[in-house]
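Source file: target00.txt; contents: compact mmCIF, C-alpha atoms.
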# COMPACT_ATOMS: atom_id res chain seq x y z
CA PHE A 152 0.00 0.00 0.00
CA VAL A 153 1.05 3.55 -0.66
CA GLY A 154 2.12 5.29 2.50
CA THR A 155 3.48 2.46 4.59
CA SER A 156 6.13 4.06 6.73
CA GLU A 157 9.55 2.49 6.42
CA GLU A 158 11.33 5.44 8.01
CA LEU A 159 9.84 4.72 11.44
CA ASN A 160 11.12 1.15 11.62
CA LEU A 161 13.82 2.13 14.12
CA ALA A 162 14.55 -1.42 15.29
CA ALA A 163 15.70 -2.42 11.81
CA TYR A 164 17.49 0.90 11.33
CA PHE A 165 19.61 0.54 14.47
CA LYS A 166 20.45 -3.08 13.62
CA GLY A 167 21.65 -1.94 10.20
CA GLU A 168 19.01 -4.05 8.44
CA PRO A 169 17.25 -2.87 5.26
CA LEU A 170 14.08 -0.91 5.90
CA GLY A 171 11.89 -3.07 3.67
CA GLU A 172 9.15 -3.78 6.20
CA PRO A 173 6.65 -1.03 6.98
CA TRP A 174 6.44 0.27 10.53
CA ASP A 175 3.29 -1.23 12.03
CA PRO A 176 3.82 -1.66 15.79
CA PHE A 177 0.23 -2.80 16.45
CA ASP A 178 0.08 -5.12 13.38
CA PHE A 179 -3.02 -3.43 11.98
CA ALA A 180 -2.00 -4.68 8.54
CA LYS A 181 -2.53 -8.23 9.77
CA LEU A 182 -5.99 -7.70 11.30
CA SER A 183 -7.90 -9.12 8.35
CA LYS A 184 -5.71 -12.23 8.41
CA VAL A 185 -6.77 -13.00 12.00
CA SER A 186 -10.52 -13.05 11.40
CA GLY A 187 -13.00 -12.24 8.66
CA ASN A 188 -14.68 -9.87 11.12
CA ASN A 189 -11.69 -7.51 11.04
CA PRO A 190 -11.19 -4.83 8.40
CA ASP A 191 -8.72 -5.02 5.57
CA VAL A 192 -5.90 -2.47 5.38
CA ALA A 193 -7.78 -0.71 2.56
CA PHE A 194 -10.63 0.13 4.95
CA LEU A 195 -8.18 1.45 7.53
CA ARG A 196 -6.39 3.48 4.83
CA GLU A 197 -9.72 5.01 3.78
CA ALA A 198 -10.37 6.08 7.38
CA GLU A 199 -6.84 7.46 7.78
CA LEU A 200 -7.10 9.49 4.58
CA LYS A 201 -10.50 10.91 5.54
CA HIS A 202 -9.30 11.87 9.02
CA GLY A 203 -6.12 13.35 7.56
CA ARG A 204 -8.06 15.49 5.10
CA ILE A 205 -10.36 16.74 7.86
CA ALA A 206 -7.35 17.51 10.07
CA MET A 207 -5.69 19.49 7.27
CA LEU A 208 -8.85 21.58 6.91
CA ALA A 209 -9.13 21.96 10.70
CA PHE A 210 -5.52 23.12 10.98
CA LEU A 211 -6.01 25.65 8.22
CA GLY A 212 -9.23 26.88 9.84
CA ILE A 213 -7.62 27.26 13.26
CA ILE A 214 -4.66 29.18 11.85
CA VAL A 215 -6.77 31.48 9.67
CA THR A 216 -9.39 32.29 12.32
CA SER A 217 -7.14 32.55 15.36
CA GLY A 218 -5.87 35.90 14.15
CA GLY A 219 -9.39 37.21 14.83
CA THR A 220 -9.78 39.15 11.60
CA VAL A 221 -10.99 36.49 9.14
CA HIS A 222 -14.57 35.30 9.65
CA PHE A 223 -18.02 35.53 8.13
CA PRO A 224 -19.49 39.05 8.51
CA ALA A 225 -22.70 38.12 10.42
CA PRO A 226 -22.86 39.34 14.06
CA MET A 227 -23.07 35.75 15.28
CA PHE A 228 -19.70 34.98 13.70
CA GLU A 229 -18.30 38.27 15.05
CA LYS A 230 -19.14 37.02 18.57
CA ALA A 231 -17.69 33.58 17.82
CA ALA A 232 -14.44 35.07 16.52
CA ALA A 233 -14.16 37.27 19.62
CA ALA A 234 -14.69 34.21 21.84
CA GLY A 235 -11.76 32.40 20.22
CA TRP A 236 -11.51 29.10 18.35
CA PRO A 237 -11.91 26.75 21.35
CA THR A 238 -15.37 28.09 22.23
CA ALA A 239 -16.51 29.43 18.84
CA LEU A 240 -18.95 26.56 18.18
CA GLN A 241 -20.40 26.89 21.68
CA THR A 242 -20.88 30.63 21.13
CA ILE A 243 -22.69 30.00 17.83
CA ASN A 244 -24.85 27.30 19.44
CA GLU A 245 -25.85 29.65 22.28
CA ASN A 246 -26.96 32.32 19.80
CA GLY A 247 -30.64 31.31 19.90
CA ASP A 248 -32.51 30.11 16.84
CA ASP A 249 -29.81 31.30 14.45
CA GLY A 250 -27.23 29.07 16.12
CA ALA A 251 -29.55 26.06 15.99
CA SER A 252 -30.25 26.62 12.29
CA ILE A 253 -26.52 26.82 11.55
CA PHE A 254 -25.90 23.56 13.39
CA GLY A 255 -28.81 21.99 11.50
CA GLN A 256 -27.31 23.16 8.21
CA MET A 257 -23.92 21.80 9.23
CA VAL A 258 -25.32 18.36 10.17
CA GLY A 259 -27.40 18.27 6.98
CA ALA A 260 -24.40 19.14 4.81
CA VAL A 261 -22.26 16.48 6.47
CA ALA A 262 -25.04 13.90 6.06
CA LEU A 263 -25.40 14.72 2.35
CA ILE A 264 -21.67 14.58 1.70
CA GLU A 265 -21.20 11.35 3.65
CA GLY A 266 -24.24 9.74 2.06
CA ALA A 267 -23.19 10.64 -1.47
CA SER A 268 -19.53 9.68 -1.01
CA SER A 269 -19.98 6.41 0.90
CA LYS A 270 -21.40 4.36 -1.98
CA GLY A 271 -19.39 1.15 -2.12
CA ARG A 272 -16.97 2.24 0.62
CA TRP A 273 -17.95 -0.61 2.95
CA ASP A 274 -16.61 -3.00 0.29
CA LEU A 275 -13.15 -1.85 1.38
CA TRP A 276 -13.69 -3.82 4.61
CA PHE A 277 -12.77 -6.86 2.52
CA GLY A 278 -10.02 -5.11 0.56
CA GLU A 279 -9.65 -3.39 -2.78
CA ARG A 280 -10.84 -5.37 -5.78
CA PRO A 281 -9.91 -4.87 -9.43
CA GLY A 282 -12.33 -2.36 -10.92
CA GLY A 283 -13.79 -1.59 -7.49
CA VAL A 284 -13.51 1.25 -5.03
CA VAL A 285 -10.00 2.55 -4.30
CA ALA A 286 -9.25 3.79 -0.79
CA GLY A 287 -9.29 7.57 -0.67
CA ASP A 288 -10.27 8.07 -4.32
CA TYR A 289 -13.59 9.91 -4.59
CA GLY A 290 -13.09 10.89 -8.23
CA PHE A 291 -12.94 14.55 -7.17
CA ASP A 292 -9.91 16.31 -8.61
CA PRO A 293 -11.15 19.61 -10.06
CA LEU A 294 -7.63 21.07 -10.30
CA LYS A 295 -6.26 17.91 -11.99
CA LEU A 296 -3.43 17.60 -9.46
CA LEU A 297 -3.20 13.80 -9.52
CA PRO A 298 -0.73 12.72 -12.23
CA LYS A 299 -1.77 10.14 -14.85
CA ASP A 300 1.46 8.16 -14.38
CA LYS A 301 0.93 5.44 -11.74
CA ALA A 302 4.31 5.92 -10.03
CA ALA A 303 3.85 9.70 -9.85
CA ALA A 304 0.25 9.28 -8.63
CA ASP A 305 1.42 6.91 -5.87
CA LYS A 306 4.04 9.47 -4.85
CA MET A 307 1.35 12.18 -4.69
CA ARG A 308 -0.88 9.89 -2.59
CA LEU A 309 2.02 9.26 -0.23
CA LYS A 310 2.56 13.02 0.15
CA GLU A 311 -1.13 13.51 0.95
CA LEU A 312 -1.07 10.71 3.50
CA LYS A 313 2.02 12.05 5.27
CA ASN A 314 0.66 15.61 5.29
CA GLY A 315 -2.59 14.27 6.73
CA ARG A 316 -0.70 12.44 9.47
CA LEU A 317 1.24 15.61 10.28
CA ALA A 318 -1.98 17.66 10.35
CA MET A 319 -3.61 15.16 12.74
CA MET A 320 -0.66 15.50 15.09
CA ALA A 321 -0.63 19.30 14.73
CA VAL A 322 -4.34 19.67 15.53
CA MET A 323 -4.00 17.36 18.53
CA GLY A 324 -0.96 19.39 19.63
CA ILE A 325 -2.93 22.64 19.38
CA PHE A 326 -5.83 21.17 21.37
CA THR A 327 -3.50 19.67 23.98
CA GLY A 328 -1.67 22.97 24.32
CA TYR A 329 -4.95 24.75 24.90
CA LEU A 330 -6.14 22.17 27.44
CA ASN A 331 -2.85 22.37 29.36
CA THR A 332 -2.43 26.14 29.33
CA GLY A 333 -5.91 27.56 28.74
CA ASN A 334 -4.29 29.91 26.22
CA ALA A 335 -6.09 29.83 22.87
CA ASN A 336 -3.85 32.46 21.27
CA LEU A 337 -1.60 30.68 18.78
CA PHE A 338 0.38 33.80 17.94
CA GLY A 339 1.77 34.79 21.30
CA PRO A 340 0.93 35.14 24.99
CA ALA A 341 -2.65 35.83 26.05
Write the structure described by the file as structure tokens, please.
Amino acid sequence: FVGTSEELNLAAYFKGEPLGEPWDPFDFAKLSKVSGNNPDVAFLREAELKHGRIAMLAFLGIIVTSGGTVHFPAPMFEKAAAAGWPTALQTINENGDDGASIFGQMVGAVALIEGASSKGRWDLWFGERPGGVVAGDYGFDPLKLLPKDKAAADKMRLKELKNGRLAMMAVMGIFTGYLNTGNANLFGPA
């Protein structure tokens, strides 16, 4: 699979062995071999890619809005921006009927996107099949960034996967920093 991490196989590295085996300390890649009730690696890759993409968007959103100047112009969003990113959703939710309608719109949009994009995705539980669904490929590439060459496309997928992993760690680091310090200001002391 694209994105298996050889560089984190430190045991082999320090022994001077070749780094041919991917780093998988919990043996997730072998789950489907243990029992038919366990997911294939393709299903896990799909989940990792989706979470990585969401984390990349979350990181971008936190960085852009934590400056306090970029937000939607409605008064509700003005209050949310003033409250800071950790409590912005709570502030919107507490804004009476407008907040409830925004949350309803958000849940509806997520339901539509998930419903439309999940067709055939559960087949990945049993692995990728020729001509079937490919993990992480939704057929949405409006900017035509994915190369046609298979080797170049695999390299691009690997870059996306690693950036997604980094974004997941970054977002968790931001949240952990806020929980430990209570300081939501990413650009200096509160």
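Shown here are all protein and nucleic acid residues lying within 12 Å of (-16.4, -7.9, 3.2), with all atoms listed in the file considered: A:Ser183, A:Ser186, A:Gly187, A:Asn188, A:Asn189, A:Pro190, A:Asp191, A:Ala193, A:Phe194, A:Gly271, A:Arg272, A:Trp273, A:Asp274, A:Leu275, A:Trp276, A:Phe277, A:Gly278, A:Glu279, A:Arg280.
Each of A:Ala225, A:Thr327, A:Gly255, A:Ala318 was checked against Leu211 of chain A using only C-alpha atoms; the smallest atom-to-atom distance is that of A:Ala318.
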Selected residue, from A:Phe179, A:Gly235, A:Leu208, A:Lys166, that lies nearest to Asn334 of chain A when counting only C-alpha atoms: A:Gly235
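When atom CA of Ala267 of chain A is paired with atom CA of Tyr289 of chain A, their separation reads 10.1 Å.
Considering the residues A:Ala232, A:Met323, A:Ala286, A:Leu296 and counting only C-alpha atoms, Ser268 of chain A has its shortest atom-to-atom contact with A:Ala286.
Shortest separation to Ser252 of chain A among A:Lys181, A:Arg316, A:Met227, A:Arg196 occurs at residue A:Met227, atoms counted being only C-alpha atoms.
The coordinates place atom CA of Glu229 of chain A at 11.5 Å from atom CA of Asn246 of chain A.
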Atomic distance atom CA of Lys310 of chain A - atom CA of Gly283 of chain A, expressed in Å with one decimal: 23.2 Å
Selection: 12 Å around Lys230 of chain A, all atoms listed in the file, excl. self and same-chain fewer than 2 positions, as a PyMOL selection string: chain A and resi 219-220+222-228+232-236+238-246+250
Might I get the box with edges along x, y and z of the file that holds all atoms of segment 286-304 of chain A listed there, padded by 5 Å on every side, given as centre and edge lengths in Å to one decimal, as JSON?
{"center_x": -4.6, "center_y": 12.4, "center_z": -7.8, "size_x": 27.9, "size_y": 27.3, "size_z": 24.2}
Protein, DNA and RNA residues within 7 Å of (-9.0, 24.2, 11.8), only C-alpha atoms, as a PyMOL selection string: chain A and resi 208-214
Near-Gly315 of chain A list (8 Å; all atoms listed in the file; drop same-chain fewer than 5 positions) as a ChimeraX atom specification: /A:200,202-204,206-207
